[in-house]
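So this block is model_4.txt, compact mmCIF, C-alpha atoms:
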```
# COMPACT_ATOMS: atom_id res chain seq x y z
CA MET A 20 5.15 34.81 -11.41
CA SER A 21 4.89 31.09 -10.68
CA PHE A 22 7.04 28.87 -8.57
CA LYS A 23 7.43 25.16 -9.12
CA LYS A 24 8.42 22.88 -6.28
CA SER A 25 11.26 20.46 -7.00
CA LEU A 26 9.81 17.03 -7.67
CA LYS A 27 12.77 14.93 -6.52
CA ASN A 28 10.37 12.47 -4.92
CA GLU A 29 7.68 12.60 -7.58
CA LYS A 30 6.96 8.89 -7.02
CA ALA A 31 6.12 7.00 -3.85
CA VAL A 32 5.74 3.29 -3.21
CA ILE A 33 2.91 2.51 -0.80
CA VAL A 34 3.06 -0.92 0.86
CA ILE A 35 -0.31 -1.88 2.33
CA ASP A 36 -0.86 -4.44 5.09
CA MET A 37 2.12 -6.70 4.54
CA LEU A 38 1.81 -7.55 8.22
CA GLU A 39 2.36 -10.61 10.37
CA ASP A 40 -1.41 -11.13 10.79
CA PHE A 41 -2.07 -10.79 7.05
CA VAL A 42 0.72 -13.07 5.86
CA TYR A 43 1.19 -15.55 8.72
CA GLY A 44 -1.42 -14.89 11.44
CA ALA A 45 -5.09 -14.14 12.19
CA LEU A 46 -6.03 -13.23 8.59
CA LYS A 47 -3.35 -15.34 6.90
CA ASN A 48 -3.33 -15.16 3.13
CA VAL A 49 -1.12 -17.92 1.72
CA ARG A 50 -1.15 -16.16 -1.66
CA ALA A 51 0.67 -13.16 -0.12
CA LYS A 52 3.98 -15.01 0.02
CA ARG A 53 4.36 -14.84 -3.76
CA ILE A 54 4.33 -11.03 -3.82
CA ILE A 55 6.96 -10.56 -1.10
CA PRO A 56 9.99 -10.78 -3.46
CA LYS A 57 8.33 -8.42 -5.98
CA ILE A 58 7.59 -5.81 -3.32
CA ALA A 59 11.06 -6.20 -1.79
CA GLY A 60 12.69 -5.54 -5.16
CA LEU A 61 10.45 -2.57 -5.80
CA VAL A 62 11.04 -0.87 -2.42
CA ASN A 63 14.80 -1.40 -2.74
CA HIS A 64 14.69 0.20 -6.19
CA ALA A 65 12.57 3.07 -4.84
CA ARG A 66 15.05 3.78 -2.06
CA LYS A 67 17.93 3.92 -4.60
CA LYS A 68 15.93 6.34 -6.77
CA GLY A 69 15.11 8.58 -3.79
CA TRP A 70 11.40 7.86 -3.95
CA ILE A 71 9.30 7.93 -0.80
CA VAL A 72 8.50 4.49 0.68
CA VAL A 73 5.44 4.36 2.92
CA TYR A 74 4.04 1.41 4.83
CA ALA A 75 0.30 1.97 5.44
CA ASN A 76 -0.69 -0.69 7.93
CA ASP A 77 -3.68 -1.75 9.93
CA ALA A 78 -3.13 -0.76 13.56
CA HIS A 79 -6.54 -1.32 15.11
CA LEU A 80 -7.93 -0.31 18.44
CA PRO A 81 -10.60 -2.41 20.16
CA GLY A 82 -14.00 -1.73 18.61
CA ASP A 83 -12.77 -0.49 15.23
CA PRO A 84 -15.37 -1.09 12.49
CA GLU A 85 -13.29 -3.75 10.71
CA GLU A 86 -13.53 -6.00 13.78
CA LYS A 87 -17.24 -6.45 13.03
CA VAL A 88 -16.35 -7.95 9.65
CA TRP A 89 -12.96 -9.63 10.17
CA GLY A 90 -12.66 -10.10 13.94
CA PRO A 91 -9.67 -8.80 15.89
CA HIS A 92 -6.54 -8.50 13.76
CA ALA A 93 -3.45 -6.31 13.53
CA MET A 94 -4.15 -4.71 16.88
CA ALA A 95 -2.00 -1.61 17.47
CA GLY A 96 1.24 -2.52 19.22
CA SER A 97 0.84 -6.28 18.70
CA LYS A 98 3.16 -8.63 16.83
CA GLY A 99 0.34 -9.13 14.30
CA ALA A 100 0.47 -5.42 13.40
CA GLN A 101 4.19 -5.49 12.57
CA VAL A 102 5.49 -5.47 9.01
CA ILE A 103 6.82 -8.92 8.08
CA SER A 104 10.58 -9.29 8.51
CA GLU A 105 11.10 -9.85 4.77
CA LEU A 106 9.88 -6.30 4.07
CA LYS A 107 11.05 -4.57 7.25
CA PRO A 108 11.05 -0.78 6.90
CA LYS A 109 14.45 0.87 6.74
CA LYS A 110 15.72 4.25 7.93
CA GLY A 111 14.02 6.95 5.88
CA ASP A 112 10.86 4.92 5.22
CA PHE A 113 7.56 6.03 6.72
CA VAL A 114 5.22 3.77 8.70
CA LEU A 115 1.62 4.95 9.12
CA GLY A 116 -1.03 3.16 11.13
CA LYS A 117 -4.54 2.98 9.73
CA ARG A 118 -7.80 2.01 11.39
CA THR A 119 -9.85 1.60 8.20
CA TYR A 120 -9.29 0.10 4.77
CA SER A 121 -7.81 3.25 3.19
CA GLY A 122 -4.20 4.28 3.62
CA PHE A 123 -5.37 7.89 3.45
CA TYR A 124 -8.17 8.06 6.02
CA GLU A 125 -6.88 10.02 9.04
CA THR A 126 -3.29 8.79 8.59
CA GLY A 127 -1.52 11.95 7.40
CA LEU A 128 -0.52 10.22 4.15
CA ASP A 129 -1.77 12.99 1.85
CA LEU A 130 0.18 15.72 3.68
CA LEU A 131 3.33 13.56 3.71
CA LEU A 132 3.08 12.98 -0.03
CA ARG A 133 2.33 16.60 -0.91
CA ASP A 134 5.14 17.89 1.33
CA ASN A 135 7.51 15.68 -0.66
CA GLY A 136 6.28 16.65 -4.12
CA VAL A 137 4.77 13.25 -4.90
CA SER A 138 2.41 13.03 -7.87
CA GLU A 139 2.44 9.29 -8.64
CA LEU A 140 1.68 6.45 -6.27
CA ILE A 141 2.81 2.88 -6.85
CA ILE A 142 0.44 0.91 -4.65
CA THR A 143 1.36 -2.59 -3.47
CA GLY A 144 0.25 -5.08 -0.83
CA GLN A 145 -3.04 -6.56 0.32
CA HIS A 146 -5.86 -6.94 -0.53
CA THR A 147 -6.39 -5.93 -4.16
CA HIS A 148 -10.17 -5.71 -3.76
CA ILE A 149 -10.26 -4.17 -0.26
CA CYS A 150 -7.47 -2.01 1.20
CA VAL A 151 -5.67 -1.48 -2.10
CA ARG A 152 -9.00 -0.53 -3.69
CA HIS A 153 -9.96 1.94 -0.95
CA THR A 154 -6.50 3.50 -0.95
CA CYS A 155 -6.71 3.89 -4.75
CA ALA A 156 -10.15 5.50 -4.41
CA ASP A 157 -8.77 8.12 -2.04
CA ALA A 158 -5.67 8.63 -4.21
CA PHE A 159 -7.93 9.18 -7.22
CA ALA A 160 -10.04 11.71 -5.31
CA ARG A 161 -6.83 13.60 -4.47
CA ASN A 162 -5.69 13.59 -8.12
CA TYR A 163 -2.65 11.31 -7.79
CA LYS A 164 -1.51 9.21 -10.73
CA ILE A 165 -2.06 5.59 -9.69
CA THR A 166 0.13 2.66 -10.71
CA VAL A 167 -0.57 -0.85 -9.44
CA PRO A 168 1.86 -3.69 -10.16
CA GLU A 169 -0.40 -6.70 -10.66
CA ASP A 170 2.31 -8.99 -9.29
CA GLY A 171 2.82 -6.72 -6.27
CA VAL A 172 -0.75 -6.95 -4.92
CA GLU A 173 -2.80 -9.95 -3.87
CA SER A 174 -6.16 -11.15 -2.54
CA PHE A 175 -7.56 -14.29 -0.92
CA SER A 176 -8.71 -15.63 -4.31
CA ASP A 177 -7.76 -15.30 -7.96
CA SER A 178 -11.19 -13.89 -8.83
CA ASP A 179 -11.01 -11.21 -6.09
CA HIS A 180 -7.53 -10.28 -7.33
CA LYS A 181 -8.44 -10.10 -11.04
CA ASN A 182 -11.77 -8.34 -10.43
CA GLY A 183 -10.02 -5.93 -8.09
CA LEU A 184 -7.42 -5.02 -10.73
CA GLU A 185 -10.11 -4.52 -13.37
CA TYR A 186 -12.06 -2.25 -11.02
CA LEU A 187 -8.96 -0.13 -10.30
CA LYS A 188 -8.30 0.22 -14.02
CA ILE A 189 -11.90 1.10 -14.97
CA CYS A 190 -12.88 3.33 -12.06
CA TYR A 191 -9.61 5.07 -11.17
CA GLY A 192 -7.61 4.88 -14.39
CA ALA A 193 -4.94 2.89 -12.58
CA ASN A 194 -2.00 1.91 -14.72
CA ILE A 195 -1.75 -1.89 -14.22
CA VAL A 196 1.81 -3.10 -14.86
CA LYS A 197 4.36 -5.73 -13.84
CA THR A 198 6.88 -4.79 -11.16
CA SER A 199 9.70 -5.44 -13.64
CA SER A 200 8.53 -2.47 -15.72
CA LEU A 201 8.98 -0.18 -12.70
CA ILE A 202 12.52 -1.28 -11.91
CA VAL A 203 14.38 0.36 -14.75
```
Here is the file; what I need is its structure written in the form of structure tokens.
Amino acid sequence: MSFKKSLKNEKAVIVIDMLEDFVYGALKNVRAKRIIPKIAGLVNHARKKGWIVVYANDAHLPGDPEEKVWGPHAMAGSKGAQVISELKPKKGDFVLGKRTYSGFYETGLDLLLRDNGVSELIITGQHTHICVRHTCADAFARNYKITVPEDGVESFSDSDHKNGLEYLKICYGANIVKTSSLIV
């Protein structure tokens, strides 16, 4: 006899590093502003559909490995580690701190998703070629279906963004779409 868990929340939207330091502060990416409305529309749609919305954010402690590369940024408890006001989490959303590039590494994300019957991840945020890429790698290794809205992720440069998307498609089978195709 087999039992199948209800998949009410079969999809989840993961918002990566849309933080004060990444949009306006220490590691400011001016290109990030253009994805804010796309992500806002997508998370609002997700909430209406009953999908899980997760914010996976840098929340560093002094001496974390990323400091060696990027300097201090998004330090746990600081203003720089807060989600930007335009995408502020709402009641029912989940906010997970991360100390490395991946939204999965020691954050509890996998257990949260599995407990809620999630099989597909819609991954948004920054940076296409760094944190989005590492989160997709870990999602792939855990057998999640990966969807990345190309207008819902961004990098410091056009080439990093485009090369990042191509890598996600080739290496992880990510479905690269426009956010408008997800809001139906």
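Going from atom CA of Lys107 of chain A to atom CA of Ala93 of chain A covers 15.9 Å.
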Quiz item: What separation in Å, quoted to one decimal, exists between atom CA of Thr166 of chain A and atom CA of His153 of chain A?
Solution: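 If I compute the distance from atom CA of Thr166 of chain A to atom CA of His153 of chain A, I get 14.1 Å.
Candidate residues A:Gly96, A:Pro168, A:Pro108, A:Gly82 were compared for distance to Gln145 of chain A, and the nearest is A:Pro168, using all atoms listed in the file.
Proximity of A:Gly122, A:Gly111, A:Gly99, A:Gly192 to Asn162 of chain A, computed with all atoms listed in the file, is greatest for A:Gly192.
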Self-check item: Test item: which residues lie within 10 Å of (-3.8, 10.1, 3.3) counting all atoms listed in the file, as a PyMOL selection string
Solution: chain A and resi 75+115+117+121-133+154+157-158+161
Exercise. Kindly give the distance, in Å, that separates atom CA of Thr143 of chain A and atom CA of Glu169 of chain A, rounded to a single decimal.
Key: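 Rounded to one decimal, the two atoms are 8.5 Å apart.
For the choices A:Ser97, A:Asn63, A:Thr147, A:Thr198, the atom-to-atom distance to Asp112 of chain A is smallest for A:Asn63 when using all atoms listed in the file.
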Quiz item: Which neighbours of Pro91 of chain A fall inside 12 Å, counting only C-alpha atoms, when residues of the same chain fewer than 3 positions from it are skipped, and could you give them as a PyMOL selection string?
Solution: chain A and resi 40-41+44-46+77-88+94-95+97+99-100+118
Take segment 45-84 of chain A from the block and save it with N, CA and C atoms, as a compact mmCIF listing (two decimals), in the first residue's frame.
```txt
# COMPACT_ATOMS: atom_id res chain seq x y z
N ALA A 45 26.70 48.01 1.10
CA ALA A 45 28.11 47.62 0.96
C ALA A 45 28.42 46.92 -0.37
N LEU A 46 27.54 46.07 -0.86
CA LEU A 46 27.74 45.37 -2.14
C LEU A 46 26.66 45.78 -3.14
N LYS A 47 26.37 47.05 -3.16
CA LYS A 47 25.30 47.61 -4.00
C LYS A 47 25.41 47.14 -5.45
N ASN A 48 24.29 46.67 -5.94
CA ASN A 48 24.17 46.28 -7.35
C ASN A 48 23.04 47.12 -7.95
N VAL A 49 23.40 48.14 -8.72
CA VAL A 49 22.39 49.04 -9.29
C VAL A 49 21.42 48.30 -10.21
N ARG A 50 21.88 47.20 -10.80
CA ARG A 50 21.03 46.40 -11.70
C ARG A 50 19.91 45.69 -10.94
N ALA A 51 20.05 45.53 -9.64
CA ALA A 51 19.05 44.81 -8.83
C ALA A 51 17.71 45.53 -8.80
N LYS A 52 17.72 46.83 -8.92
CA LYS A 52 16.47 47.59 -8.83
C LYS A 52 15.46 47.17 -9.89
N ARG A 53 15.95 46.75 -11.06
CA ARG A 53 15.01 46.39 -12.13
C ARG A 53 14.27 45.07 -11.88
N ILE A 54 14.79 44.22 -11.00
CA ILE A 54 14.09 42.96 -10.73
C ILE A 54 13.12 43.04 -9.56
N ILE A 55 13.18 44.13 -8.79
CA ILE A 55 12.31 44.26 -7.62
C ILE A 55 10.83 44.13 -7.99
N PRO A 56 10.31 44.86 -8.99
CA PRO A 56 8.88 44.72 -9.31
C PRO A 56 8.51 43.30 -9.78
N LYS A 57 9.41 42.64 -10.50
CA LYS A 57 9.13 41.28 -10.99
C LYS A 57 9.03 40.31 -9.82
N ILE A 58 9.97 40.42 -8.88
CA ILE A 58 9.94 39.54 -7.71
C ILE A 58 8.71 39.84 -6.85
N ALA A 59 8.41 41.12 -6.66
CA ALA A 59 7.24 41.51 -5.86
C ALA A 59 5.95 40.90 -6.44
N GLY A 60 5.79 40.99 -7.74
CA GLY A 60 4.62 40.41 -8.38
C GLY A 60 4.57 38.90 -8.22
N LEU A 61 5.72 38.27 -8.34
CA LEU A 61 5.79 36.82 -8.22
C LEU A 61 5.49 36.34 -6.80
N VAL A 62 6.05 37.00 -5.78
CA VAL A 62 5.78 36.55 -4.41
C VAL A 62 4.32 36.81 -4.02
N ASN A 63 3.75 37.91 -4.51
CA ASN A 63 2.33 38.16 -4.24
C ASN A 63 1.46 37.09 -4.87
N HIS A 64 1.78 36.70 -6.09
CA HIS A 64 1.07 35.62 -6.77
C HIS A 64 1.23 34.30 -6.00
N ALA A 65 2.45 34.02 -5.57
CA ALA A 65 2.72 32.79 -4.83
C ALA A 65 1.88 32.72 -3.55
N ARG A 66 1.82 33.81 -2.84
CA ARG A 66 1.03 33.84 -1.60
C ARG A 66 -0.44 33.53 -1.90
N LYS A 67 -0.98 34.11 -2.97
CA LYS A 67 -2.39 33.87 -3.34
C LYS A 67 -2.62 32.41 -3.70
N LYS A 68 -1.62 31.78 -4.33
CA LYS A 68 -1.74 30.38 -4.74
C LYS A 68 -1.48 29.40 -3.59
N GLY A 69 -0.99 29.90 -2.46
CA GLY A 69 -0.69 29.04 -1.33
C GLY A 69 0.69 28.39 -1.43
N TRP A 70 1.53 28.93 -2.30
CA TRP A 70 2.89 28.41 -2.40
C TRP A 70 3.73 28.93 -1.24
N ILE A 71 4.76 28.21 -0.92
CA ILE A 71 5.71 28.63 0.12
C ILE A 71 6.56 29.78 -0.45
N VAL A 72 6.79 30.82 0.36
CA VAL A 72 7.70 31.90 0.00
C VAL A 72 8.82 31.90 1.04
N VAL A 73 10.05 31.76 0.56
CA VAL A 73 11.21 31.70 1.44
C VAL A 73 12.22 32.77 1.04
N TYR A 74 12.68 33.51 2.01
CA TYR A 74 13.77 34.46 1.81
C TYR A 74 15.03 33.80 2.37
N ALA A 75 16.00 33.53 1.51
CA ALA A 75 17.27 32.93 1.92
C ALA A 75 18.33 34.02 1.81
N ASN A 76 18.75 34.53 2.95
CA ASN A 76 19.54 35.75 2.99
C ASN A 76 20.88 35.58 3.68
N ASP A 77 21.89 36.24 3.15
CA ASP A 77 23.14 36.33 3.88
C ASP A 77 22.87 36.91 5.26
N ALA A 78 23.46 36.29 6.25
CA ALA A 78 23.41 36.75 7.64
C ALA A 78 24.74 36.31 8.25
N HIS A 79 25.79 37.03 7.90
CA HIS A 79 27.15 36.61 8.23
C HIS A 79 27.55 36.90 9.67
N LEU A 80 28.45 36.07 10.13
CA LEU A 80 29.14 36.28 11.40
C LEU A 80 30.57 36.69 11.07
N PRO A 81 31.23 37.43 11.96
CA PRO A 81 32.62 37.82 11.69
C PRO A 81 33.49 36.59 11.39
N GLY A 82 34.27 36.70 10.32
CA GLY A 82 35.17 35.61 9.94
C GLY A 82 34.60 34.60 8.96
N ASP A 83 33.34 34.77 8.56
CA ASP A 83 32.76 33.85 7.57
C ASP A 83 33.62 33.88 6.30
N PRO A 84 33.69 32.76 5.58
CA PRO A 84 34.55 32.68 4.39
C PRO A 84 34.30 33.76 3.34
```
